[in-house]
>>> print(open('my_file-v3.txt').read())   # compact mmCIF, C-alpha atoms and all ligand atoms
# COMPACT_ATOMS: atom_id res chain seq x y z
CA MET S 83 -13.07 -21.33 6.51
CA GLU S 84 -13.88 -17.71 7.48
CA LEU S 85 -11.38 -15.02 6.67
CA THR S 86 -9.58 -13.31 9.50
CA THR S 87 -7.65 -10.05 9.45
CA ALA S 88 -4.43 -12.07 9.74
CA ASP S 89 -5.16 -14.04 6.58
CA HIS S 90 -3.41 -12.54 3.56
CA ASP S 91 -3.20 -15.66 1.45
CA ARG S 92 -3.15 -14.39 -2.14
CA GLY S 93 -4.26 -17.76 -3.49
CA ARG S 94 -7.35 -18.15 -1.31
CA ILE S 95 -9.93 -18.10 -4.11
CA GLY S 96 -7.69 -19.79 -6.67
CA LYS S 97 -7.16 -16.76 -8.88
CA THR S 98 -3.91 -15.36 -10.28
CA TYR S 99 -4.53 -11.67 -9.67
CA VAL S 100 -7.56 -11.22 -7.41
CA TYR S 101 -7.68 -12.09 -3.71
CA PRO S 102 -9.90 -11.15 -0.74
CA VAL S 103 -8.55 -9.68 2.52
CA LEU S 104 -10.34 -8.55 5.66
CA SER S 105 -8.90 -5.15 6.47
CA ARG S 106 -8.20 -4.29 10.10
CA ARG S 107 -8.29 -0.62 9.13
CA ALA S 108 -11.53 -0.66 7.16
CA ARG S 109 -13.49 -3.33 9.08
CA GLY S 110 -14.67 -5.00 5.92
CA LEU S 111 -13.57 -6.73 2.77
CA SER S 112 -10.81 -5.38 0.61
CA VAL S 113 -10.46 -6.96 -2.81
CA GLY S 114 -6.78 -7.09 -3.56
CA ILE S 115 -5.34 -7.04 -7.06
CA ASN S 116 -1.89 -8.56 -7.18
CA LEU S 117 0.07 -7.59 -10.30
CA ASN S 118 3.13 -9.41 -8.94
CA PRO S 119 2.22 -13.12 -8.85
CA ASN S 120 5.95 -13.65 -9.48
CA LYS S 121 6.65 -12.16 -6.00
CA ALA S 122 9.05 -9.65 -7.51
CA CYS S 123 9.73 -6.22 -6.06
CA ASN S 124 12.35 -3.57 -6.80
CA TRP S 125 12.69 -2.99 -3.02
CA ARG S 126 13.29 -5.42 -0.16
CA CYS S 127 11.82 -3.97 3.01
CA VAL S 128 13.02 -5.74 6.15
CA TYR S 129 9.41 -6.15 7.33
CA CYS S 130 8.09 -7.44 3.98
CA GLN S 131 5.38 -10.05 4.46
CA VAL S 132 5.83 -11.75 1.10
CA PRO S 133 7.30 -15.23 1.49
CA GLY S 134 9.83 -15.99 -1.25
CA LEU S 135 10.18 -12.35 -2.35
CA VAL S 136 12.61 -11.93 -5.26
CA ALA S 137 14.21 -8.85 -6.82
CA GLY S 138 12.57 -7.67 -10.03
CA ASN S 139 9.49 -6.23 -11.69
CA ALA S 140 5.93 -7.39 -12.34
CA PRO S 141 5.57 -9.85 -15.22
CA LYS S 142 3.49 -9.13 -18.32
CA ILE S 143 -0.11 -8.79 -17.14
CA ASP S 144 -2.74 -10.93 -18.86
CA LEU S 145 -5.44 -8.24 -19.04
CA GLU S 146 -8.10 -10.67 -20.29
CA ARG S 147 -7.54 -12.97 -17.34
CA LEU S 148 -7.55 -10.03 -14.93
CA GLU S 149 -10.86 -8.82 -16.35
CA ARG S 150 -12.35 -12.32 -16.09
CA GLU S 151 -11.22 -12.69 -12.48
CA LEU S 152 -12.55 -9.26 -11.51
CA ARG S 153 -15.88 -9.92 -13.23
CA GLU S 154 -16.19 -13.23 -11.38
CA PHE S 155 -15.69 -11.52 -8.03
CA LEU S 156 -17.14 -8.00 -8.33
CA ASP S 157 -20.60 -8.96 -9.58
CA PRO S 158 -22.73 -7.88 -6.56
CA LYS S 159 -24.68 -11.18 -6.55
CA VAL S 160 -21.55 -13.30 -6.54
CA LEU S 161 -19.86 -11.03 -4.02
CA GLY S 162 -22.86 -11.06 -1.65
CA ALA S 163 -23.06 -14.86 -1.69
CA TRP S 164 -19.33 -15.17 -1.20
CA LEU S 165 -19.30 -12.76 1.76
CA ALA S 166 -22.21 -14.57 3.42
CA ALA S 167 -20.36 -17.87 3.15
CA ASN S 168 -16.87 -16.69 4.04
CA ALA S 169 -16.79 -13.47 6.08
CA PRO S 170 -17.90 -13.04 9.71
CA GLU S 171 -20.94 -10.92 10.51
CA GLY S 172 -20.09 -7.23 10.70
CA SER S 173 -17.49 -7.55 7.94
CA ARG S 174 -19.77 -8.53 5.06
CA VAL S 175 -19.26 -5.34 3.15
CA LEU S 176 -16.92 -4.40 0.31
CA ARG S 177 -14.81 -1.51 1.61
CA ASP S 178 -12.26 -1.01 -1.11
CA LEU S 179 -10.28 -2.39 -3.98
CA ALA S 180 -6.54 -2.32 -3.51
CA LEU S 181 -3.74 -2.58 -6.01
CA SER S 182 -1.51 -4.27 -3.51
CA GLY S 183 0.56 -7.16 -4.57
CA ASP S 184 3.48 -9.39 -3.77
CA GLY S 185 5.75 -6.68 -5.17
CA GLU S 186 5.56 -3.19 -6.66
CA SER S 187 2.35 -2.77 -8.71
CA THR S 188 3.60 0.23 -10.69
CA SER S 189 6.44 -1.85 -12.13
CA ALA S 190 3.85 -3.50 -14.42
CA ALA S 191 4.08 -2.07 -17.96
CA GLU S 192 0.28 -2.41 -18.14
CA PHE S 193 -0.31 -0.35 -14.96
CA PRO S 194 -2.36 2.45 -16.67
CA ASP S 195 -4.43 -0.18 -18.58
CA VAL S 196 -5.11 -2.02 -15.33
CA VAL S 197 -6.37 1.18 -13.67
CA GLU S 198 -8.60 1.87 -16.66
CA LEU S 199 -9.95 -1.69 -16.60
CA ILE S 200 -10.74 -1.56 -12.88
CA GLY S 201 -12.50 1.80 -13.30
CA ARG S 202 -14.64 0.43 -16.12
CA LEU S 203 -15.70 -2.65 -14.12
CA MET S 204 -16.43 -0.63 -10.98
CA LEU S 205 -18.75 1.54 -13.03
CA GLU S 206 -20.41 -1.47 -14.62
CA PHE S 207 -21.05 -3.19 -11.27
CA GLY S 208 -22.21 -0.06 -9.44
CA HIS S 209 -19.17 0.26 -7.15
CA ALA S 210 -17.88 3.49 -8.71
CA GLY S 211 -18.12 6.48 -6.38
CA ARG S 212 -18.92 4.19 -3.41
CA VAL S 213 -15.90 1.92 -3.16
CA PRO S 214 -12.48 3.54 -3.52
CA LEU S 215 -9.54 2.03 -5.38
CA THR S 216 -6.35 2.29 -3.33
CA LEU S 217 -2.91 1.97 -4.87
CA ILE S 218 -0.39 0.82 -2.29
CA THR S 219 3.02 1.66 -3.68
CA ASN S 220 6.61 2.21 -2.68
CA GLY S 221 6.53 5.24 -4.97
CA SER S 222 9.96 4.57 -6.40
CA LEU S 223 8.82 4.57 -10.04
CA VAL S 224 6.64 7.69 -10.07
CA GLN S 225 9.13 9.55 -12.28
CA HIS S 226 8.16 7.31 -15.23
CA PRO S 227 5.55 8.81 -17.60
CA LEU S 228 3.68 5.48 -17.75
CA VAL S 229 3.27 5.44 -13.98
CA GLN S 230 2.16 9.06 -14.01
CA ALA S 231 -0.45 8.21 -16.64
CA GLY S 232 -1.73 5.46 -14.33
CA LEU S 233 -1.84 7.85 -11.37
CA ALA S 234 -3.82 10.40 -13.38
CA GLY S 235 -6.23 7.60 -14.38
CA LEU S 236 -6.52 6.57 -10.75
CA ALA S 237 -7.51 10.13 -9.79
CA ARG S 238 -10.13 10.20 -12.57
CA ILE S 239 -11.91 7.16 -11.11
CA GLY S 240 -11.83 8.49 -7.54
CA GLY S 241 -8.81 6.45 -6.43
CA ARG S 242 -6.15 7.26 -3.87
CA VAL S 243 -2.51 6.42 -3.20
CA TRP S 244 -0.79 5.12 -0.09
CA PHE S 245 2.82 6.11 -0.73
CA LYS S 246 5.49 4.33 1.29
CA LEU S 247 7.87 6.58 3.20
CA ASP S 248 9.55 4.87 6.12
CA SER S 249 12.58 7.13 6.35
CA ALA S 250 13.64 10.57 5.17
CA THR S 251 17.36 9.71 4.99
CA ASP S 252 19.40 7.79 2.40
CA GLU S 253 20.79 5.54 5.16
CA GLY S 254 17.34 4.85 6.59
CA MET S 255 15.93 3.90 3.19
CA GLN S 256 18.88 1.61 2.62
CA ALA S 257 18.50 0.00 6.04
CA LEU S 258 14.70 -0.40 5.98
CA ASN S 259 13.83 -0.74 2.31
CA SER S 260 17.15 -1.93 0.80
CA SER S 261 16.61 0.95 -1.61
CA ALA S 262 19.43 3.02 -3.07
CA LEU S 263 16.99 5.52 -4.58
CA GLY S 264 17.83 8.15 -1.98
CA ALA S 265 15.59 10.35 0.13
CA GLY S 266 15.76 13.30 -2.28
CA LYS S 267 14.36 11.30 -5.18
CA GLN S 268 11.72 9.67 -2.99
CA ARG S 269 10.62 13.17 -1.92
CA ARG S 270 10.49 14.30 -5.55
CA ASN S 271 8.32 11.29 -6.39
CA LEU S 272 6.02 11.97 -3.46
CA VAL S 273 5.49 15.56 -4.57
CA ALA S 274 4.78 14.42 -8.15
CA CYS S 275 2.38 11.74 -6.92
CA ALA S 276 0.43 14.16 -4.72
CA ALA S 277 0.03 16.50 -7.70
CA LEU S 278 -1.58 13.70 -9.72
CA ALA S 279 -3.79 11.82 -7.23
CA PRO S 280 -5.02 12.06 -3.62
CA THR S 281 -2.01 10.80 -1.68
CA TRP S 282 -1.41 9.56 1.86
CA ILE S 283 2.07 8.87 3.19
CA GLN S 284 2.27 5.34 4.58
CA THR S 285 4.97 4.88 7.21
CA MET S 286 6.04 1.77 9.10
CA ALA S 287 7.71 2.46 12.45
CA LEU S 288 9.39 -0.45 14.21
CA ALA S 289 12.13 -1.34 16.67
CA ARG S 290 15.31 -2.98 15.38
CA ASN S 291 17.30 -5.07 17.83
CA GLY S 292 15.12 -3.55 20.54
CA LEU S 293 15.98 0.05 19.58
CA PRO S 294 13.52 2.63 18.24
CA PRO S 295 14.42 4.83 15.24
CA SER S 296 17.23 7.22 16.19
CA ALA S 297 16.62 10.85 17.17
CA ALA S 298 18.29 11.87 13.89
CA GLU S 299 15.91 9.66 11.85
CA ARG S 300 12.91 11.05 13.64
CA ALA S 301 14.10 14.63 13.20
CA ALA S 302 14.73 14.09 9.46
CA TYR S 303 11.22 12.68 9.02
CA LEU S 304 9.63 15.62 10.85
CA ASP S 305 11.75 18.10 8.86
CA LEU S 306 10.50 16.50 5.66
CA VAL S 307 6.87 16.78 6.78
CA ARG S 308 7.35 20.42 7.80
CA GLY S 309 8.91 21.21 4.41
CA LEU S 310 6.10 19.51 2.48
CA VAL S 311 3.49 21.39 4.49
CA ARG S 312 5.35 24.68 3.98
CA GLU S 313 5.41 24.07 0.22
CA ARG S 314 1.68 23.26 0.31
CA VAL S 315 2.14 19.83 -1.22
CA PRO S 316 -1.47 18.58 -1.17
CA LEU S 317 -1.00 15.51 1.03
CA LYS S 318 -3.96 13.92 2.79
CA GLY S 319 -1.98 12.86 5.84
CA VAL S 320 0.11 10.05 7.29
CA LEU S 321 -0.93 6.45 7.91
CA LEU S 322 1.42 5.39 10.69
CA TYR S 323 1.76 1.62 11.01
CA GLY S 324 3.19 -0.37 13.86
CA PHE S 325 4.92 -3.70 13.27
CA ALA S 326 2.07 -6.20 13.58
CA ARG S 327 2.70 -9.12 11.25
CA THR S 328 5.38 -11.64 10.43
CA SER S 329 8.28 -10.57 8.25
CA TYR S 330 9.57 -13.15 5.80
CA GLN S 331 12.92 -11.43 5.43
CA PRO S 332 16.22 -12.57 6.99
CA GLU S 333 16.06 -9.62 9.43
CA ALA S 334 12.75 -10.87 10.91
CA SER S 335 14.24 -11.83 14.28
CA GLU S 336 15.64 -8.29 14.72
CA LEU S 337 12.23 -6.62 14.40
CA SER S 338 9.63 -5.86 17.04
CA ALA S 339 6.75 -3.48 17.67
CA LEU S 340 7.38 -0.12 19.30
CA PRO S 341 5.48 0.70 22.50
CA ARG S 342 2.10 2.38 22.00
CA GLU S 343 3.41 5.50 23.81
CA TRP S 344 6.27 5.84 21.31
CA MET S 345 3.85 5.60 18.37
CA GLU S 346 1.46 8.11 19.92
CA GLN S 347 4.25 10.56 20.68
CA PHE S 348 5.55 10.30 17.10
CA ALA S 349 2.01 10.79 15.75
CA PHE S 350 1.69 13.86 17.98
CA GLU S 351 4.92 15.28 16.54
CA ILE S 352 3.81 14.63 12.95
CA ARG S 353 0.51 16.38 13.65
CA ALA S 354 2.43 19.30 15.16
CA ALA S 355 4.49 19.37 11.93
CA GLY S 356 1.25 19.92 10.04
CA LEU S 357 -0.27 16.64 8.75
CA PRO S 358 -3.16 14.55 10.09
CA VAL S 359 -2.14 11.06 11.29
CA GLU S 360 -4.01 7.76 11.58
CA ILE S 361 -2.27 5.08 13.64
CA SER S 362 -2.66 1.31 13.07
CA LEU S 363 -1.08 -0.83 15.75
S1 LIG M 401 7.76 -2.36 -1.25
FE1 LIG M 401 6.18 -3.73 -0.44
S2 LIG M 401 6.38 -5.66 -1.62
FE2 LIG M 401 8.23 -4.45 -1.95
S3 LIG M 401 9.67 -5.25 -0.44
FE3 LIG M 401 8.65 -3.44 0.46
S4 LIG M 401 6.92 -4.27 1.61
FE4 LIG M 401 7.62 -5.91 0.21
>>> encode(input="my_file-v3.txt", output="structure tokens")
Amino acid sequence: MELTTADHDRGRIGKTYVYPVLSRRARGLSVGINLNPNKACNWRCVYCQVPGLVAGNAPKIDLERLERELREFLDPKVLGAWLAANAPEGSRVLRDLALSGDGESTSAAEFPDVVELIGRLMLEFGHAGRVPLTLITNGSLVQHPLVQAGLAGLARIGGRVWFKLDSATDEGMQALNSSALGAGKQRRNLVACAALAPTWIQTMALARNGLPPSAAERAAYLDLVRGLVRERVPLKGVLLYGFARTSYQPEASELSALPREWMEQFAFEIRAAGLPVEISL
């Protein structure tokens, strides 16, 4: 069966850590690396697409197995044959590798070792410098030295970070991410992350019970962006996502996509606050 952009089945090729996804953003194949096969995350976002999500951290990572799985999939000959058999024409190209799992990747104690391993294999198979490694993270653990070591390693191999920031208020983070971290600490982590590796803010904007984010939420977000720009925090920009896939959380029936005009107006305001924006609807 050919892959579609809606297919995010982590078990598709029968591996524990490695899974293929067609990316709607990149128009090609993204090789995902899931360090959370236990479906454990320290946040619970209302829009989370992980069925059976549980609270917790990544389990101990079997680095030998991860290396074997990556070797089996990243070898250009194997990859080419697999793409020809499974991906539609026009998408038979490896666009990126993504540390994006069924939970928070940086909660794995082996996170820096995993980054180092991926970098080594990308070099060996000729993907280094051509195919970026993207870490998709909720950013909540950046204060830990181990995570910072992994981020520095990521930067060394030409990687980048998509850092989740859905709200700039404590209440908003609680309501959207079930996170008690607080907006101040999330901001601190974002600044630290951007100092270590090329960092994009990744923001989900959605309607809840038919209502868009409040004027106060929107103003707080824009204030945050203005402050970060004023302080010259080296952010790459904002990836603004609309609600496009099924949530597996109890709040699913409350969620819906915002109108295109709302998203474009918000993107306009973020740009006016000083950061480039890419919208995915
Ligand atoms: S941070 Fe990601 S994996 Fe964790 S609950 Fe949110 S969307 Fe799901």
>>> atom_distance(input="my_file-v3.txt", atom1="atom CA of S:Ile283", atom2="atom CA of S:Tyr303")
11.5 Å
>>> closest_atom_pairs(input="my_file-v3.txt", of="chain S", to="ligand LIG 401 (chain M)", cutoff="7 Å", atoms="all atoms listed in the file", output="tab-separated table")
residue	atom	partner	partner_atom	distance
S:Cys123	CA	M:LIG401	FE2	4.7
S:Asn124	CA	M:LIG401	FE2	6.4
S:Trp125	CA	M:LIG401	S3	4.6
S:Arg126	CA	M:LIG401	S3	3.6
S:Cys127	CA	M:LIG401	FE3	4.1
S:Tyr129	CA	M:LIG401	S4	6.5
S:Cys130	CA	M:LIG401	FE4	4.1
S:Gln131	CA	M:LIG401	FE4	6.3
S:Val132	CA	M:LIG401	FE4	6.2
S:Gly183	CA	M:LIG401	S2	6.7
S:Asp184	CA	M:LIG401	S2	5.2
S:Gly185	CA	M:LIG401	S2	3.7
S:Glu186	CA	M:LIG401	FE2	5.6
S:Thr219	CA	M:LIG401	S1	6.7
S:Asn220	CA	M:LIG401	S1	4.9
S:Asn259	CA	M:LIG401	FE3	6.1
>>> residues_around(input="my_file-v3.txt", residues="S:Met255", least_positions_apart="6", cutoff="9 Å", atoms="all atoms listed in the file", output="list in words")
Cys127, Leu247, Asp248, Ser249, Ser261, Ala262, Leu263, Gly264 and Ala265 of chain S
>>> closest_residue(input="my_file-v3.txt", among="S:Ile143, S:Asp157, S:Val311, S:Gly292", to="S:Phe207", atoms="all atoms listed in the file")
S:Asp157
>>> atom_distance(input="my_file-v3.txt", atom1="atom CA of S:Ala289", atom2="atom CA of S:Asp252")
18.4 Å
>>> atom_distance(input="my_file-v3.txt", atom1="atom CA of S:Leu288", atom2="atom CA of S:Ser222")
21.2 Å
>>> closest_residue(input="my_file-v3.txt", among="S:Arg242, S:Arg308, S:Pro102, S:Arg212", to="S:Leu278", atoms="only C-alpha atoms")
S:Arg242
>>> residues_near_point(input="my_file-v3.txt", point="(15.0, 13.0, 8.5)", cutoff="9 Å", atoms="all atoms listed in the file", output="ChimeraX atom specification")
/S:249-251,254,265,298-306
>>> residues_near_point(input="my_file-v3.txt", point="(-3.9, 18.2, -1.1)", cutoff="7 Å", atoms="only C-alpha atoms", output="MDAnalysis selection string")
chainID S and resid 276 280 315:318
>>> write_last_selection(input="my_file-v3.txt", atoms="C-alpha atoms", output="compact mmCIF listing (two decimals), in the frame of the given file")
# COMPACT_ATOMS: atom_id res chain seq x y z
CA ALA S 276 0.43 14.16 -4.72
CA PRO S 280 -5.02 12.06 -3.62
CA VAL S 315 2.14 19.83 -1.22
CA PRO S 316 -1.47 18.58 -1.17
CA LEU S 317 -1.00 15.51 1.03
CA LYS S 318 -3.96 13.92 2.79
>>> residues_around(input="my_file-v3.txt", residues="S:Thr216", least_positions_apart="4", cutoff="12 Å", atoms="all atoms listed in the file", output="list in words")
Ser112, Val113, Gly114, Ile115, Arg177, Asp178, Leu179, Ala180, Leu181, Ser182, Gly183, Ser187, Val197, Ile200, Gly201, Leu233, Leu236, Ala237, Ile239, Gly240, Gly241, Arg242, Val243, Trp244, Phe245, Ala279, Pro280, Thr281 and Trp282 of chain S
>>> closest_residue(input="my_file-v3.txt", among="S:Ala190, S:Val229, S:Ala334, S:Val175", to="S:Gly138", atoms="all atoms listed in the file")
S:Ala190
>>> residues_around(input="my_file-v3.txt", residues="S:Glu146", least_positions_apart="2", cutoff="12 Å", atoms="only C-alpha atoms", output="VMD selection string")
chain S and resid 98 to 99 142 to 144 148 to 153 192 195 to 196 199
>>> residues_around(input="my_file-v3.txt", residues="S:Pro194", least_positions_apart="3", cutoff="7 Å", atoms="all atoms listed in the file", output="JSON, numbers by chain")
{"S": [197, 198, 228, 229, 231, 232, 235]}
>>> closest_residue(input="my_file-v3.txt", among="S:Ala163, S:Leu176, S:Ala191, S:Ala274", to="S:Ala140", atoms="all atoms listed in the file")
S:Ala191
>>> closest_residue(input="my_file-v3.txt", among="S:Cys275, S:Leu161, S:Ala122, S:Val128", to="S:His226", atoms="all atoms listed in the file")
S:Cys275
>>> closest_residue(input="my_file-v3.txt", among="S:Leu165, S:Ala257, S:Leu272, S:Val307", to="S:Arg290", atoms="all atoms listed in the file")
S:Ala257
>>> decode(input="my_file-v3.txt", residues="stretch 110-187 of chain S", atoms="C-alpha atoms", output="mmCIF file, in the first residue's frame")
data_model
loop_
_atom_site.group_PDB
_atom_site.id
_atom_site.type_symbol
_atom_site.label_atom_id
_atom_site.label_comp_id
_atom_site.auth_asym_id
_atom_site.auth_seq_id
_atom_site.Cartn_x
_atom_site.Cartn_y
_atom_site.Cartn_z
ATOM 1 C CA GLY S 110 8.746 13.888 0.280
ATOM 2 C CA LEU S 111 9.718 11.199 2.711
ATOM 3 C CA SER S 112 10.566 11.953 6.291
ATOM 4 C CA VAL S 113 12.187 9.147 8.239
ATOM 5 C CA GLY S 114 10.858 9.367 11.753
ATOM 6 C CA ILE S 115 12.742 8.158 14.798
ATOM 7 C CA ASN S 116 10.423 7.379 17.665
ATOM 8 C CA LEU S 117 12.195 7.238 21.031
ATOM 9 C CA ASN S 118 8.838 6.769 22.783
ATOM 10 C CA PRO S 119 7.524 3.366 21.655
ATOM 11 C CA ASN S 120 5.894 3.293 25.118
ATOM 12 C CA LYS S 121 3.669 6.241 24.015
ATOM 13 C CA ALA S 122 4.751 8.231 27.049
ATOM 14 C CA CYS S 123 4.923 12.019 27.156
ATOM 15 C CA ASN S 124 5.392 14.506 29.981
ATOM 16 C CA TRP S 125 2.706 16.711 28.351
ATOM 17 C CA ARG S 126 -0.816 15.912 27.180
ATOM 18 C CA CYS S 127 -1.761 18.294 24.391
ATOM 19 C CA VAL S 128 -5.483 18.302 23.629
ATOM 20 C CA TYR S 129 -4.749 17.805 19.921
ATOM 21 C CA CYS S 130 -2.225 14.978 20.438
ATOM 22 C CA GLN S 131 -2.435 12.395 17.665
ATOM 23 C CA VAL S 132 -0.968 9.525 19.662
ATOM 24 C CA PRO S 133 -3.590 6.874 20.424
ATOM 25 C CA GLY S 134 -3.175 5.474 23.935
ATOM 26 C CA LEU S 135 -0.856 8.280 25.100
ATOM 27 C CA VAL S 136 0.274 7.833 28.721
ATOM 28 C CA ALA S 137 2.050 10.163 31.141
ATOM 29 C CA GLY S 138 5.774 9.527 31.515
ATOM 30 C CA ASN S 139 9.183 9.537 29.879
ATOM 31 C CA ALA S 140 10.887 7.589 27.095
ATOM 32 C CA PRO S 141 12.056 4.102 28.090
ATOM 33 C CA LYS S 142 15.701 3.032 27.993
ATOM 34 C CA ILE S 143 16.773 3.189 24.349
ATOM 35 C CA ASP S 144 18.360 0.089 22.825
ATOM 36 C CA LEU S 145 21.067 1.903 20.845
ATOM 37 C CA GLU S 146 22.188 -1.262 19.044
ATOM 38 C CA ARG S 147 18.677 -1.921 17.795
ATOM 39 C CA LEU S 148 18.261 1.713 16.773
ATOM 40 C CA GLU S 149 21.503 1.579 14.793
ATOM 41 C CA ARG S 150 20.434 -1.666 13.102
ATOM 42 C CA GLU S 151 17.052 -0.234 12.156
ATOM 43 C CA LEU S 152 18.570 2.975 10.801
ATOM 44 C CA ARG S 153 21.179 1.051 8.817
ATOM 45 C CA GLU S 154 18.452 -1.128 7.322
ATOM 46 C CA PHE S 155 16.525 1.915 6.136
ATOM 47 C CA LEU S 156 19.077 4.640 5.349
ATOM 48 C CA ASP S 157 21.274 2.635 2.982
ATOM 49 C CA PRO S 158 20.600 4.505 -0.319
ATOM 50 C CA LYS S 159 20.037 1.244 -2.251
ATOM 51 C CA VAL S 160 17.502 -0.063 0.237
ATOM 52 C CA LEU S 161 15.862 3.337 0.544
ATOM 53 C CA GLY S 162 15.580 3.792 -3.235
ATOM 54 C CA ALA S 163 13.957 0.384 -3.697
ATOM 55 C CA TRP S 164 11.610 0.990 -0.808
ATOM 56 C CA LEU S 165 10.529 4.401 -2.124
ATOM 57 C CA ALA S 166 9.911 3.003 -5.617
ATOM 58 C CA ALA S 167 7.674 0.300 -4.166
ATOM 59 C CA ASN S 168 5.833 2.351 -1.565
ATOM 60 C CA ALA S 169 5.771 6.091 -2.299
ATOM 61 C CA PRO S 170 3.847 7.838 -5.099
ATOM 62 C CA GLU S 171 5.738 9.520 -7.923
ATOM 63 C CA GLY S 172 6.886 13.012 -6.999
ATOM 64 C CA SER S 173 7.479 12.003 -3.382
ATOM 65 C CA ARG S 174 10.279 9.486 -3.895
ATOM 66 C CA VAL S 175 12.898 11.570 -2.211
ATOM 67 C CA LEU S 176 14.266 11.597 1.332
ATOM 68 C CA ARG S 177 13.591 15.093 2.689
ATOM 69 C CA ASP S 178 14.564 14.819 6.312
ATOM 70 C CA LEU S 179 15.057 12.709 9.374
ATOM 71 C CA ALA S 180 12.897 13.649 12.313
ATOM 72 C CA LEU S 181 13.231 12.837 15.975
ATOM 73 C CA SER S 182 9.507 12.822 16.435
ATOM 74 C CA GLY S 183 7.931 10.179 18.511
ATOM 75 C CA ASP S 184 4.867 9.083 20.388
ATOM 76 C CA GLY S 185 6.024 11.281 23.269
ATOM 77 C CA GLU S 186 8.822 13.687 24.166
ATOM 78 C CA SER S 187 12.118 12.602 22.541
#
